[in-house]
Every structure is written in C-alpha cells, then in structure tokens.
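Remarks on the structure that follows.
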2 protein chains.
Amino acid sequence: MATVHRYKGKDGSYDWDGVIPDSYALRGAKGSTVRYLIGPAEKSPNFEIRYFEVEPGGQTSLDFHAHDHGVVVVRGKGKVLLAQGEEISLSFGDVLYIRPYEMHRLVPIGDEPFGFICVVPAKR
Amino acid sequence: MATVHRYKGKDGSYDWDGVIPDSYALRGAKGSTVRYLIGPAEKSPNFEIRYFEVEPGGQTSLDFHAHDHGVVVVRGKGKVLLAQGEEISLSFGDVLYIRPYEMHRLVPIGDEPFGFICVVPAKR
C-alpha cells in the first residue's frame, strides 16, 4: 500500500506527520536535524529520501563515502564545501549531485535555516 | 566533480539551467512533462531524480512496474489513483511512497499545474 507523509510545515518551515526529527551530530555535524521521509520505516529497497535542516552557524558532517547524494534545496541559502577548498553556493530549488567519494560538507549562509531534500541509495 | 543545476523558475514555476523539459506521452500520459535533474547525464549509478509537471486536465501514465517511486509535491494539488479505485489527495510538501508493483497514476486537481519531484532507482 502506498504511504503518505502529510506536510505540516508553516511559514516556510518543514515538518511531516509521522516523521520525527532526529538530531545529527556525527562526524562534526552541528545544529543539524534529519527527517527520514522515505527509508527504513517504509522498507524502501532502493533509495531513501531525507530532509536535512541546518541552523545558522551549524554544519553537516564532513563526509567522504562510496555512495552518492542527490540534493534539492527547499529552504534558505547555503553552500557545499568540497575538496581542495572548492565551494558552490546553493539556494531555493538548486539541485546538487555529489558523486561517490567526493568529500563534502553543507553549511548555511545567512540567518535562516538551510533545508534540503537529500536522496541516497538504500544500501550504503 | 559535484554538479549543480541552478533553479530558474519564477512565480512558483520550476525550471533549471541545463535541464531540458521533455514531453511524456507513454502509456496514456497527457499534458505531462519530465525534467531529468539527476540521471543519465550525471551517470548516477544508484538513483535518478526527476521533476514531473502535469497540466490541468492531464495525467501521468498508468504504471505498474517492479521499481518504487518516492514523490515530493512542490507545486499545485493533485491525487494519486491506485488499484481498486483507491485514491489519495496530495498538495505541497506531501511525501508519497509508491511500492514496487503498485498500480498508479497521478492527476492534477484544480487550475494550477501539478508538480512533483520523483525519485526512482537507476536500474529499472
């Protein structure tokens, strides 16, 4: 049976029925929460869809791994920090693809939380 | 190297640099376009992320297949039609998971285009 998580955000915020925000403090992450929209609870065999939000002054973990990420920005502004000092700015609607074994960290810019949908393979 | 497709939509519409909309008329689809945000062009090995938009009066294809879909609604209102006459209404931010071998078709409700992000496994 198909499953729906109803959006219940307000004034630009993101929240969903049946989805509990989890703080995310691995590998240097600060001020970051993750919401598992489609994942283990749905037993999705192929991919997972998560919503990450990072408070101003926070950052995601510094990551380097075999799996890839698909990112769609839905709130605020930020940037992705890559290897060798490279960075790419990001704002609403921008779509970012991070390939396998690319070092990466996402950080907010400005005073608003930075929120993005992040897709990963289920097996990783 | 990480890849970005810059959002260039206006007034609630969706479009991206480097992404060409394709009409989608398979298996009874009408008034439907697809934009491949992350997929064959990025050689993503695990998943693809597409943006579908369906005009008022249109519909996506009637589909039944081994792969699953993760859907995030980003524009307008619609519903998903499932087997045995079941349907689920959808609006902004709602997240839908369609499991393998679930028959499904998405249709708009109202006068606005119905737009959604749709994730699928790369191998299907």
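Letters A, B, ... mark the chains of the structure tokens in the order given; residue numbers begin at 1 per chain; ligand numbers begin at 1, in order shown.
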
Residues of chain A within 7 Å of chain B, only C-alpha atoms counted, as a count of residues only: 19

Every residue of chain B that DSSP places in strand (DSSP E or B), as number ranges by chain: B: 3-5, 7, 16, 22-23, 30-38, 47-59, 63, 69-75, 77-81, 87-90, 95-98, 104-109, 114-121

Option closest in space to B:Pro108, from B:Ala66, B:Ala41, B:Val54, B:Leu81 [counting only C-alpha atoms]: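 Of the candidates, the smallest distance to B:Pro108 is held by B:Val54.
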
Which of chain B fall in helix (DSSP H, G or I), as a VMD selection string: chain B and resid 26 to 28 40 to 42 83 to 85

Give me, as a PDB file with N, CA and C atoms, in the first residue's frame, all polymer residues having an atom no more than 8 Å from B:Tyr51, counting only C-alpha atoms and skipping those fewer than 5 positions away in the same chain.
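Saved result, around-v4.pdb, follows:
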ATOM      1  N   VAL B  34       8.566  15.960 -18.241  1.00  0.00           N
ATOM      2  CA  VAL B  34       9.541  15.450 -17.278  1.00  0.00           C
ATOM      3  C   VAL B  34      10.847  16.215 -17.466  1.00  0.00           C
ATOM      4  N   ARG B  35      11.510  16.527 -16.372  1.00  0.00           N
ATOM      5  CA  ARG B  35      12.844  17.135 -16.399  1.00  0.00           C
ATOM      6  C   ARG B  35      13.770  16.213 -15.604  1.00  0.00           C
ATOM      7  N   TYR B  36      14.823  15.743 -16.261  1.00  0.00           N
ATOM      8  CA  TYR B  36      15.771  14.848 -15.600  1.00  0.00           C
ATOM      9  C   TYR B  36      16.801  15.690 -14.849  1.00  0.00           C
ATOM     10  N   LEU B  37      16.649  15.767 -13.533  1.00  0.00           N
ATOM     11  CA  LEU B  37      17.522  16.623 -12.712  1.00  0.00           C
ATOM     12  C   LEU B  37      18.830  15.912 -12.392  1.00  0.00           C
ATOM     13  N   GLY B 115       3.024  19.750  -9.811  1.00  0.00           N
ATOM     14  CA  GLY B 115       4.439  19.440  -9.997  1.00  0.00           C
ATOM     15  C   GLY B 115       5.002  18.660  -8.834  1.00  0.00           C
ATOM     16  N   PHE B 116       5.831  17.693  -9.145  1.00  0.00           N
ATOM     17  CA  PHE B 116       6.418  16.878  -8.071  1.00  0.00           C
ATOM     18  C   PHE B 116       7.791  16.350  -8.469  1.00  0.00           C
ATOM     19  N   ILE B 117       8.642  16.252  -7.452  1.00  0.00           N
ATOM     20  CA  ILE B 117       9.919  15.559  -7.550  1.00  0.00           C
ATOM     21  C   ILE B 117       9.626  14.067  -7.476  1.00  0.00           C
ATOM     22  N   CYS B 118      10.261  13.284  -8.327  1.00  0.00           N
ATOM     23  CA  CYS B 118      10.036  11.825  -8.332  1.00  0.00           C
ATOM     24  C   CYS B 118      11.374  11.105  -8.394  1.00  0.00           C
TER      25      CYS B 118
END

Best match for closeness to B:Lys30 among B:Arg50, B:Gln84, B:Leu106, B:Arg75, counting only C-alpha atoms: B:Leu106

Atom CA of B:Gly28 to atom CA of B:Gln59, distance in Å rounded to a single decimal: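 For atom CA of B:Gly28 relative to atom CA of B:Gln59, the distance reads 7.8 Å.
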
Point-to-point distance from atom CA of B:Phe64 to atom CA of B:Val107, Å rounded to tenths: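 Atom-to-atom, atom CA of B:Phe64 to atom CA of B:Val107, that is 15.8 Å.
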
Atom CA of A:Glu53 to atom CA of A:Thr33, straight-line distance in Å: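 Between atom CA of A:Thr33 and atom CA of A:Glu53 the gap works out to 5.4 Å.
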